[in-house]
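Visitor: Input my_file_12.pdb, format and content: PDB, C-alpha atoms.
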ATOM      1  CA  MET A   1       0.000   0.000   0.000  1.00  0.00           C
ATOM      2  CA  LYS A   2       1.460   3.318  -1.066  1.00  0.00           C
ATOM      3  CA  ILE A   3       0.754   6.061   1.475  1.00  0.00           C
ATOM      4  CA  THR A   4       1.005   9.700   0.401  1.00  0.00           C
ATOM      5  CA  VAL A   5       2.072  12.239   3.005  1.00  0.00           C
ATOM      6  CA  ILE A   6       1.529  15.900   2.103  1.00  0.00           C
ATOM      7  CA  THR A   7       3.288  18.856   3.729  1.00  0.00           C
ATOM      8  CA  VAL A   8       2.240  22.383   2.853  1.00  0.00           C
ATOM      9  CA  CYS A   9       4.204  25.389   4.022  1.00  0.00           C
ATOM     10  CA  TYR A  10       4.895  29.079   3.658  1.00  0.00           C
ATOM     11  CA  ASN A  11       7.828  30.796   5.365  1.00  0.00           C
ATOM     12  CA  ARG A  12       8.445  27.994   7.868  1.00  0.00           C
ATOM     13  CA  LYS A  13      12.239  28.077   7.969  1.00  0.00           C
ATOM     14  CA  ALA A  14      12.345  27.351  11.702  1.00  0.00           C
ATOM     15  CA  THR A  15      10.317  24.129  11.583  1.00  0.00           C
ATOM     16  CA  ILE A  16      10.200  22.714   8.048  1.00  0.00           C
ATOM     17  CA  GLU A  17      13.392  20.644   8.353  1.00  0.00           C
ATOM     18  CA  GLN A  18      12.149  18.800  11.419  1.00  0.00           C
ATOM     19  CA  ALA A  19       8.860  18.024   9.651  1.00  0.00           C
ATOM     20  CA  ILE A  20      10.737  16.698   6.602  1.00  0.00           C
ATOM     21  CA  LYS A  21      13.062  14.553   8.705  1.00  0.00           C
ATOM     22  CA  SER A  22      10.074  13.159  10.559  1.00  0.00           C
ATOM     23  CA  VAL A  23       8.686  11.829   7.280  1.00  0.00           C
ATOM     24  CA  LEU A  24      12.000  10.617   5.880  1.00  0.00           C
ATOM     25  CA  GLU A  25      12.823   8.719   9.089  1.00  0.00           C
ATOM     26  CA  GLN A  26       9.697   6.559   8.866  1.00  0.00           C
ATOM     27  CA  ASP A  27      10.445   2.840   8.633  1.00  0.00           C
ATOM     28  CA  TYR A  28       7.598   2.182   6.181  1.00  0.00           C
ATOM     29  CA  HIS A  29       8.881   1.264   2.715  1.00  0.00           C
ATOM     30  CA  ASP A  30       6.283   2.799   0.374  1.00  0.00           C
ATOM     31  CA  ILE A  31       5.765   6.491   1.140  1.00  0.00           C
ATOM     32  CA  GLU A  32       5.107   9.140  -1.472  1.00  0.00           C
ATOM     33  CA  TYR A  33       6.156  12.464   0.030  1.00  0.00           C
ATOM     34  CA  ILE A  34       4.719  15.650  -1.480  1.00  0.00           C
ATOM     35  CA  ILE A  35       5.685  19.165  -0.411  1.00  0.00           C
ATOM     36  CA  ILE A  36       3.709  22.184  -1.591  1.00  0.00           C
ATOM     37  CA  ASP A  37       5.353  25.507  -0.776  1.00  0.00           C
ATOM     38  CA  GLY A  38       3.607  28.854  -1.234  1.00  0.00           C
ATOM     39  CA  ASN A  39       6.713  30.501  -2.754  1.00  0.00           C
ATOM     40  CA  SER A  40       8.437  31.159   0.568  1.00  0.00           C
ATOM     41  CA  SER A  41      10.961  33.966   0.849  1.00  0.00           C
ATOM     42  CA  ASP A  42      12.607  33.265   4.235  1.00  0.00           C
ATOM     43  CA  GLY A  43      14.913  30.368   3.341  1.00  0.00           C
ATOM     44  CA  THR A  44      12.302  27.629   3.544  1.00  0.00           C
ATOM     45  CA  LYS A  45      12.692  26.733  -0.131  1.00  0.00           C
ATOM     46  CA  GLU A  46      16.448  26.306   0.238  1.00  0.00           C
ATOM     47  CA  ILE A  47      15.947  23.844   3.102  1.00  0.00           C
ATOM     48  CA  ILE A  48      13.398  21.851   1.096  1.00  0.00           C
ATOM     49  CA  GLU A  49      15.658  21.785  -1.955  1.00  0.00           C
ATOM     50  CA  SER A  50      18.490  20.313   0.136  1.00  0.00           C
ATOM     51  CA  TYR A  51      16.271  17.207   0.510  1.00  0.00           C
ATOM     52  CA  ARG A  52      15.007  17.266  -3.079  1.00  0.00           C
ATOM     53  CA  ASP A  53      16.317  13.805  -3.990  1.00  0.00           C
ATOM     54  CA  LYS A  54      14.271  12.290  -1.140  1.00  0.00           C
ATOM     55  CA  ILE A  55      11.014  14.117  -1.927  1.00  0.00           C
ATOM     56  CA  SER A  56       8.633  12.524  -4.426  1.00  0.00           C
ATOM     57  CA  VAL A  57       6.938  15.722  -5.604  1.00  0.00           C
ATOM     58  CA  TYR A  58       7.910  19.315  -4.823  1.00  0.00           C
ATOM     59  CA  LEU A  59       6.005  22.369  -6.003  1.00  0.00           C
ATOM     60  CA  SER A  60       6.691  25.973  -5.008  1.00  0.00           C
ATOM     61  CA  GLU A  61       4.344  28.665  -6.280  1.00  0.00           C
ATOM     62  CA  PRO A  62       1.898  31.252  -4.896  1.00  0.00           C
ATOM     63  CA  ASP A  63      -1.397  29.848  -3.635  1.00  0.00           C
ATOM     64  CA  LYS A  64      -4.658  30.961  -2.054  1.00  0.00           C
ATOM     65  CA  GLY A  65      -3.760  29.708   1.391  1.00  0.00           C
ATOM     66  CA  MET A  66      -3.111  26.471   3.250  1.00  0.00           C
ATOM     67  CA  TYR A  67      -6.188  24.590   2.060  1.00  0.00           C
ATOM     68  CA  ASP A  68      -5.593  25.516  -1.575  1.00  0.00           C
ATOM     69  CA  ALA A  69      -2.072  24.120  -1.165  1.00  0.00           C
ATOM     70  CA  ILE A  70      -3.418  20.903   0.386  1.00  0.00           C
ATOM     71  CA  ASN A  71      -5.813  20.526  -2.555  1.00  0.00           C
ATOM     72  CA  LYS A  72      -2.880  20.861  -4.948  1.00  0.00           C
ATOM     73  CA  GLY A  73      -1.076  18.119  -3.073  1.00  0.00           C
ATOM     74  CA  ILE A  74      -4.084  15.807  -3.163  1.00  0.00           C
ATOM     75  CA  ASN A  75      -4.456  16.335  -6.900  1.00  0.00           C
ATOM     76  CA  LEU A  76      -0.812  15.328  -7.376  1.00  0.00           C
ATOM     77  CA  ALA A  77      -1.014  12.293  -5.074  1.00  0.00           C
ATOM     78  CA  SER A  78      -0.785   8.752  -6.410  1.00  0.00           C
ATOM     79  CA  GLY A  79      -0.966   6.850  -3.115  1.00  0.00           C
ATOM     80  CA  GLU A  80      -3.871   4.639  -2.124  1.00  0.00           C
ATOM     81  CA  VAL A  81      -4.070   6.468   1.204  1.00  0.00           C
ATOM     82  CA  ILE A  82      -3.485  10.184   1.866  1.00  0.00           C
ATOM     83  CA  GLY A  83      -2.592  12.054   5.047  1.00  0.00           C
ATOM     84  CA  LEU A  84      -0.989  15.318   6.137  1.00  0.00           C
ATOM     85  CA  MET A  85       2.175  16.356   7.952  1.00  0.00           C
ATOM     86  CA  HIS A  86       1.933  20.065   8.786  1.00  0.00           C
ATOM     87  CA  SER A  87       5.149  22.057   8.578  1.00  0.00           C
ATOM     88  CA  ASP A  88       5.131  22.844  12.336  1.00  0.00           C
ATOM     89  CA  ASP A  89       4.587  19.223  13.380  1.00  0.00           C
ATOM     90  CA  GLU A  90       6.221  15.808  13.313  1.00  0.00           C
ATOM     91  CA  PHE A  91       5.239  12.173  13.541  1.00  0.00           C
ATOM     92  CA  TYR A  92       5.078  10.720  17.026  1.00  0.00           C
ATOM     93  CA  ASP A  93       7.768   8.151  16.201  1.00  0.00           C
ATOM     94  CA  SER A  94       9.459   6.441  13.247  1.00  0.00           C
ATOM     95  CA  LYS A  95       6.895   3.617  13.142  1.00  0.00           C
ATOM     96  CA  THR A  96       3.830   5.838  12.720  1.00  0.00           C
ATOM     97  CA  ILE A  97       3.174   5.203   9.024  1.00  0.00           C
ATOM     98  CA  SER A  98       3.714   1.470   9.554  1.00  0.00           C
ATOM     99  CA  LYS A  99       1.017   1.596  12.249  1.00  0.00           C
ATOM    100  CA  ILE A 100      -1.327   3.447   9.890  1.00  0.00           C
ATOM    101  CA  ALA A 101      -0.749   0.839   7.186  1.00  0.00           C
ATOM    102  CA  ALA A 102      -1.395  -1.904   9.743  1.00  0.00           C
ATOM    103  CA  GLY A 103      -4.653  -0.170  10.639  1.00  0.00           C
ATOM    104  CA  PHE A 104      -5.853  -0.362   7.056  1.00  0.00           C
ATOM    105  CA  GLU A 105      -4.757  -3.998   6.863  1.00  0.00           C
ATOM    106  CA  LYS A 106      -6.756  -4.765  10.006  1.00  0.00           C
ATOM    107  CA  TYR A 107      -9.851  -2.845   8.924  1.00  0.00           C
ATOM    108  CA  HIS A 108     -10.111  -3.831   5.264  1.00  0.00           C
ATOM    109  CA  SER A 109     -13.428  -2.089   4.665  1.00  0.00           C
ATOM    110  CA  ALA A 110     -12.430   1.192   6.311  1.00  0.00           C
ATOM    111  CA  ASP A 111     -12.586   4.365   4.223  1.00  0.00           C
ATOM    112  CA  GLY A 112     -10.252   6.046   6.679  1.00  0.00           C
ATOM    113  CA  ILE A 113      -8.582   5.750  10.042  1.00  0.00           C
ATOM    114  CA  TYR A 114      -7.521   8.164  12.764  1.00  0.00           C
ATOM    115  CA  GLY A 115      -5.617   8.011  16.028  1.00  0.00           C
ATOM    116  CA  ASN A 116      -4.271  10.094  18.894  1.00  0.00           C
ATOM    117  CA  GLY A 117      -2.096  13.188  18.992  1.00  0.00           C
ATOM    118  CA  ILE A 118      -0.430  15.572  21.393  1.00  0.00           C
ATOM    119  CA  TYR A 119       0.171  19.314  21.441  1.00  0.00           C
ATOM    120  CA  VAL A 120       3.530  20.431  22.817  1.00  0.00           C
ATOM    121  CA  SER A 121       5.019  23.821  23.636  1.00  0.00           C
ATOM    122  CA  ASN A 122       6.927  25.579  20.889  1.00  0.00           C
ATOM    123  CA  ASP A 123      10.279  25.464  22.656  1.00  0.00           C
ATOM    124  CA  THR A 124      13.159  23.076  23.273  1.00  0.00           C
ATOM    125  CA  GLN A 125      11.456  21.585  26.345  1.00  0.00           C
ATOM    126  CA  GLU A 126       8.398  20.470  24.351  1.00  0.00           C
ATOM    127  CA  ARG A 127       6.143  20.489  27.396  1.00  0.00           C
ATOM    128  CA  LEU A 128       2.887  18.578  26.984  1.00  0.00           C
ATOM    129  CA  ILE A 129       0.067  21.097  26.499  1.00  0.00           C
ATOM    130  CA  ARG A 130      -2.828  18.949  25.368  1.00  0.00           C
ATOM    131  CA  ASN A 131      -3.478  15.243  24.941  1.00  0.00           C
ATOM    132  CA  ARG A 132      -5.939  14.270  22.207  1.00  0.00           C
ATOM    133  CA  ILE A 133      -7.156  10.713  22.620  1.00  0.00           C
ATOM    134  CA  GLY A 134      -9.292   9.931  19.579  1.00  0.00           C
ATOM    135  CA  GLY A 135     -11.571   7.270  21.007  1.00  0.00           C
ATOM    136  CA  ILE A 136     -14.109   5.161  19.154  1.00  0.00           C
ATOM    137  CA  PHE A 137     -16.005   6.969  16.406  1.00  0.00           C
ATOM    138  CA  SER A 138     -19.725   7.709  16.620  1.00  0.00           C
ATOM    139  CA  LEU A 139     -22.119  10.213  15.063  1.00  0.00           C
ATOM    140  CA  ASN A 140     -23.430  11.070  18.511  1.00  0.00           C
ATOM    141  CA  LYS A 141     -19.968  12.293  19.505  1.00  0.00           C
ATOM    142  CA  ILE A 142     -19.863  14.582  16.464  1.00  0.00           C
ATOM    143  CA  LYS A 143     -23.181  16.133  17.484  1.00  0.00           C
ATOM    144  CA  ARG A 144     -21.641  16.811  20.879  1.00  0.00           C
ATOM    145  CA  GLY A 145     -18.648  18.691  19.494  1.00  0.00           C
ATOM    146  CA  TRP A 146     -16.123  15.915  18.933  1.00  0.00           C
ATOM    147  CA  LEU A 147     -14.003  15.468  15.807  1.00  0.00           C
ATOM    148  CA  PRO A 148     -10.843  13.425  15.294  1.00  0.00           C
ATOM    149  CA  LEU A 149      -7.616  15.408  15.336  1.00  0.00           C
ATOM    150  CA  HIS A 150      -7.194  16.421  11.707  1.00  0.00           C
ATOM    151  CA  PRO A 151      -3.498  15.452  11.204  1.00  0.00           C
ATOM    152  CA  THR A 152      -4.182  11.954  12.540  1.00  0.00           C
ATOM    153  CA  VAL A 153      -6.766  11.311   9.793  1.00  0.00           C
ATOM    154  CA  TYR A 154      -5.736   9.157   6.814  1.00  0.00           C
ATOM    155  CA  LEU A 155      -8.230   8.559   4.016  1.00  0.00           C
ATOM    156  CA  LYS A 156      -8.329   6.351   0.959  1.00  0.00           C
ATOM    157  CA  LYS A 157      -7.832   8.369  -2.206  1.00  0.00           C
ATOM    158  CA  THR A 158     -10.908   6.788  -3.791  1.00  0.00           C
ATOM    159  CA  VAL A 159     -13.002   8.296  -0.981  1.00  0.00           C
ATOM    160  CA  ILE A 160     -11.479  11.754  -1.459  1.00  0.00           C
ATOM    161  CA  ASP A 161     -12.098  11.497  -5.210  1.00  0.00           C
ATOM    162  CA  ARG A 162     -15.746  10.723  -4.424  1.00  0.00           C
ATOM    163  CA  TYR A 163     -16.485  13.374  -1.794  1.00  0.00           C
ATOM    164  CA  GLY A 164     -14.231  16.223  -2.762  1.00  0.00           C
ATOM    165  CA  LEU A 165     -11.426  18.500  -1.651  1.00  0.00           C
ATOM    166  CA  TYR A 166     -11.177  21.202   1.024  1.00  0.00           C
ATOM    167  CA  ASN A 167     -13.736  23.994   0.712  1.00  0.00           C
ATOM    168  CA  LEU A 168     -11.856  27.244   0.059  1.00  0.00           C
ATOM    169  CA  ASP A 169     -14.823  29.323   1.241  1.00  0.00           C
ATOM    170  CA  PHE A 170     -13.524  28.611   4.757  1.00  0.00           C
ATOM    171  CA  LYS A 171     -10.076  30.126   5.230  1.00  0.00           C
ATOM    172  CA  ILE A 172      -9.125  29.021   8.767  1.00  0.00           C
ATOM    173  CA  ALA A 173     -11.179  25.957   9.704  1.00  0.00           C
ATOM    174  CA  SER A 174     -11.807  24.236   6.375  1.00  0.00           C
ATOM    175  CA  ASP A 175     -10.493  21.048   7.992  1.00  0.00           C
ATOM    176  CA  THR A 176     -13.572  21.107  10.254  1.00  0.00           C
ATOM    177  CA  GLU A 177     -15.876  21.387   7.253  1.00  0.00           C
ATOM    178  CA  PHE A 178     -13.938  18.620   5.484  1.00  0.00           C
ATOM    179  CA  LEU A 179     -14.285  16.239   8.423  1.00  0.00           C
ATOM    180  CA  LEU A 180     -17.963  17.036   8.984  1.00  0.00           C
ATOM    181  CA  ARG A 181     -18.696  16.491   5.295  1.00  0.00           C
ATOM    182  CA  TYR A 182     -17.007  13.102   5.285  1.00  0.00           C
ATOM    183  CA  LEU A 183     -18.019  11.834   8.722  1.00  0.00           C
ATOM    184  CA  TYR A 184     -21.399  13.449   9.348  1.00  0.00           C
ATOM    185  CA  LYS A 185     -22.875  14.131   5.911  1.00  0.00           C
ATOM    186  CA  TYR A 186     -21.582  11.124   3.968  1.00  0.00           C
ATOM    187  CA  LYS A 187     -21.016   8.829   6.972  1.00  0.00           C
ATOM    188  CA  ILE A 188     -17.887   7.167   5.637  1.00  0.00           C
ATOM    189  CA  ASN A 189     -16.608   4.063   7.403  1.00  0.00           C
ATOM    190  CA  MET A 190     -14.090   5.552   9.846  1.00  0.00           C
ATOM    191  CA  MET A 191     -12.047   3.409  12.237  1.00  0.00           C
ATOM    192  CA  TYR A 192      -9.988   4.338  15.293  1.00  0.00           C
ATOM    193  CA  VAL A 193      -6.481   3.023  15.911  1.00  0.00           C
ATOM    194  CA  ASP A 194      -5.246   3.508  19.464  1.00  0.00           C
ATOM    195  CA  ASN A 195      -1.807   4.837  18.528  1.00  0.00           C
ATOM    196  CA  TYR A 196      -0.240   8.265  18.773  1.00  0.00           C
ATOM    197  CA  ILE A 197       0.173   9.658  15.277  1.00  0.00           C
ATOM    198  CA  VAL A 198       1.362  13.248  15.522  1.00  0.00           C
ATOM    199  CA  LYS A 199       3.114  15.731  17.774  1.00  0.00           C
ATOM    200  CA  MET A 200       1.839  19.265  17.102  1.00  0.00           C
ATOM    201  CA  ARG A 201       3.512  22.481  18.189  1.00  0.00           C
ATOM    202  CA  MET A 202       1.433  25.294  19.601  1.00  0.00           C
ATOM    203  CA  GLY A 203       1.597  28.343  17.361  1.00  0.00           C
ATOM    204  CA  GLY A 204       0.393  26.966  14.017  1.00  0.00           C
ATOM    205  CA  MET A 205      -2.566  28.554  12.241  1.00  0.00           C
ATOM    206  CA  SER A 206      -5.162  26.502  14.114  1.00  0.00           C
ATOM    207  CA  THR A 207      -3.466  26.799  17.537  1.00  0.00           C
ATOM    208  CA  ASN A 208      -2.528  30.499  17.530  1.00  0.00           C
ATOM    209  CA  ALA A 209      -4.403  32.324  20.300  1.00  0.00           C
ATOM    210  CA  LYS A 210      -4.589  35.487  18.202  1.00  0.00           C
ATOM    211  CA  ARG A 211      -6.835  33.701  15.743  1.00  0.00           C
ATOM    212  CA  ALA A 212      -9.011  31.932  18.298  1.00  0.00           C
ATOM    213  CA  VAL A 213     -11.987  34.269  17.798  1.00  0.00           C
ATOM    214  CA  GLU A 214     -11.805  33.917  14.008  1.00  0.00           C
ATOM    215  CA  VAL A 215     -11.665  30.133  14.318  1.00  0.00           C
ATOM    216  CA  LEU A 216     -14.637  30.185  16.706  1.00  0.00           C
ATOM    217  CA  TYR A 217     -16.737  32.211  14.269  1.00  0.00           C
ATOM    218  CA  GLU A 218     -15.789  30.071  11.288  1.00  0.00           C
ATOM    219  CA  ASP A 219     -16.546  26.900  13.251  1.00  0.00           C
ATOM    220  CA  TYR A 220     -19.980  28.346  14.016  1.00  0.00           C
ATOM    221  CA  LYS A 221     -20.620  28.965  10.308  1.00  0.00           C
ATOM    222  CA  ILE A 222     -19.435  25.477   9.387  1.00  0.00           C
ATOM    223  CA  TYR A 223     -21.633  23.658  11.916  1.00  0.00           C
ATOM    224  CA  LYS A 224     -24.595  25.751  10.825  1.00  0.00           C
ATOM    225  CA  TYR A 225     -23.759  24.982   7.182  1.00  0.00           C
ATOM    226  CA  HIS A 226     -24.036  21.269   7.956  1.00  0.00           C
ATOM    227  CA  GLY A 227     -27.370  21.619   9.771  1.00  0.00           C
ATOM    228  CA  LEU A 228     -26.114  21.081  13.298  1.00  0.00           C
ATOM    229  CA  MET A 229     -27.052  23.154  16.339  1.00  0.00           C
ATOM    230  CA  ALA A 230     -24.141  25.502  15.720  1.00  0.00           C
ATOM    231  CA  PHE A 231     -23.881  27.479  18.943  1.00  0.00           C
ATOM    232  CA  GLN A 232     -24.396  24.454  21.189  1.00  0.00           C
ATOM    233  CA  THR A 233     -22.027  22.218  19.227  1.00  0.00           C
ATOM    234  CA  VAL A 234     -19.228  24.789  19.070  1.00  0.00           C
ATOM    235  CA  PHE A 235     -19.624  25.421  22.810  1.00  0.00           C
ATOM    236  CA  LEU A 236     -19.313  21.695  23.516  1.00  0.00           C
ATOM    237  CA  LYS A 237     -16.305  21.461  21.183  1.00  0.00           C
ATOM    238  CA  LYS A 238     -14.495  24.238  23.050  1.00  0.00           C
ATOM    239  CA  THR A 239     -15.430  22.711  26.403  1.00  0.00           C
ATOM    240  CA  ILE A 240     -13.795  19.448  25.360  1.00  0.00           C
ATOM    241  CA  ALA A 241     -10.667  21.361  24.310  1.00  0.00           C
ATOM    242  CA  LEU A 242     -10.535  23.283  27.595  1.00  0.00           C
ATOM    243  CA  ARG A 243     -10.774  20.115  29.663  1.00  0.00           C
ATOM    244  CA  GLN A 244      -7.944  18.585  27.624  1.00  0.00           C
ATOM    245  CA  TYR A 245      -5.774  21.656  28.178  1.00  0.00           C
ATOM    246  CA  LEU A 246      -6.454  21.448  31.906  1.00  0.00           C
ATOM    247  CA  GLY A 247      -5.457  17.810  31.952  1.00  0.00           C
ATOM    248  CA  GLY A 248      -8.884  16.258  32.412  1.00  0.00           C
ATOM    249  CA  PHE A 249      -8.699  14.179  29.255  1.00  0.00           C
ATOM    250  CA  ILE A 250     -12.292  13.595  28.343  1.00  0.00           C
ATOM    251  CA  ASN A 251     -13.762  10.301  27.183  1.00  0.00           C
ATOM    252  CA  ILE A 252     -17.100  10.710  25.406  1.00  0.00           C
ATOM    253  CA  SER A 253     -19.058   7.548  24.719  1.00  0.00           C
TER     254      SER A 253
END
Please express what this file holds, its structure, as structure tokens.

Guide:
Amino acid sequence: MKITVITVCYNRKATIEQAIKSVLEQDYHDIEYIIIDGNSSDGTKEIIESYRDKISVYLSEPDKGMYDAINKGINLASGEVIGLMHSDDEFYDSKTISKIAAGFEKYHSADGIYGNGIYVSNDTQERLIRNRIGGIFSLNKIKRGWLPLHPTVYLKKTVIDRYGLYNLDFKIASDTEFLLRYLYKYKINMMYVDNYIVKMRMGGMSTNAKRAVEVLYEDYKIYKYHGLMAFQTVFLKKTIALRQYLGGFINIS
């Protein structure tokens, strides 16, 4: 099974190399690695180009934002399964993609799988900030504000071809719309693997406190767009996040 990993970036000189190494150090034998850069000007491109012989596809050109770049990567992908490695993040360990492949081997009929992830501080200490335990999937959990952690989600390309790319009408939280469309609207067969997939650094677009209000408003619009009780669901979603930040890792059944 070929697994495509897509990294999109723009002016991420400080973190891009660690993200690249995280992918290249995986012990799985059949990885297609795609990097889409938004025409960075801070030295990011030079770092990427130093690994060019180990990258399957590399494209650097202006784009309309992160989700436009992800869509470009998906359109270029040839793997049977597709997932993301954000430029601020890294895989939990070198066996992560092997565990994802094993998940698809175990759950033959699955359209996608997801797992666990952690948020760490953006410093050398990498203090644990938030623990995201995925837990077993259910539609009831989605109605109560739960979604799997986006970078832990790996989907079969045939499913993405069927249900579409990221919606560029949503600039900050299009990943929420994407997941709701796949899991809630189309009810794809999603399976949970109890493994840590990703280590995320606080400070990326979705974790930056300065954008929290914008994310909140866009989440509200997305839940309303999909016919859910928007205010209530977003409130529950943020309550779950708060409890995770405080260390009371929630288990919703």

Visitor: Name the residues that the PyMOL selection byres ((chain A and resi 80) around 10) pulls out of this structure, and write them as a PyMOL selection string.

Guide: chain A and resi 1-4+77-79+81-82+155-159

Visitor: In terms of the shortest atom-to-atom distance over only C-alpha atoms, which of A:Ile35, A:Leu59, A:Tyr223, A:Arg201 is closest to Thr124 (chain A)?

Guide: A:Arg201

Visitor: Please determine, counting all atoms listed in the file, which residue among A:Gly135, A:Asn140, A:Ala101, A:Ile20 has the shortest atom-to-atom distance to Arg52 (chain A).

Guide: A:Ile20

Visitor: Pull out every residue that the PyMOL selection byres ((chain A and resi 93-96) around 6) matches in the shown coordinates and put them as number ranges by chain.

Guide: A: 25-27, 91-92, 97-99, 197

Visitor: List as a PyMOL selection string: which residues have an atom within 12 Å of (-16.3, 15.7, -3.7), counting all atoms listed in the file?

Guide: chain A and resi 71+157-167+178+181-182+185-186
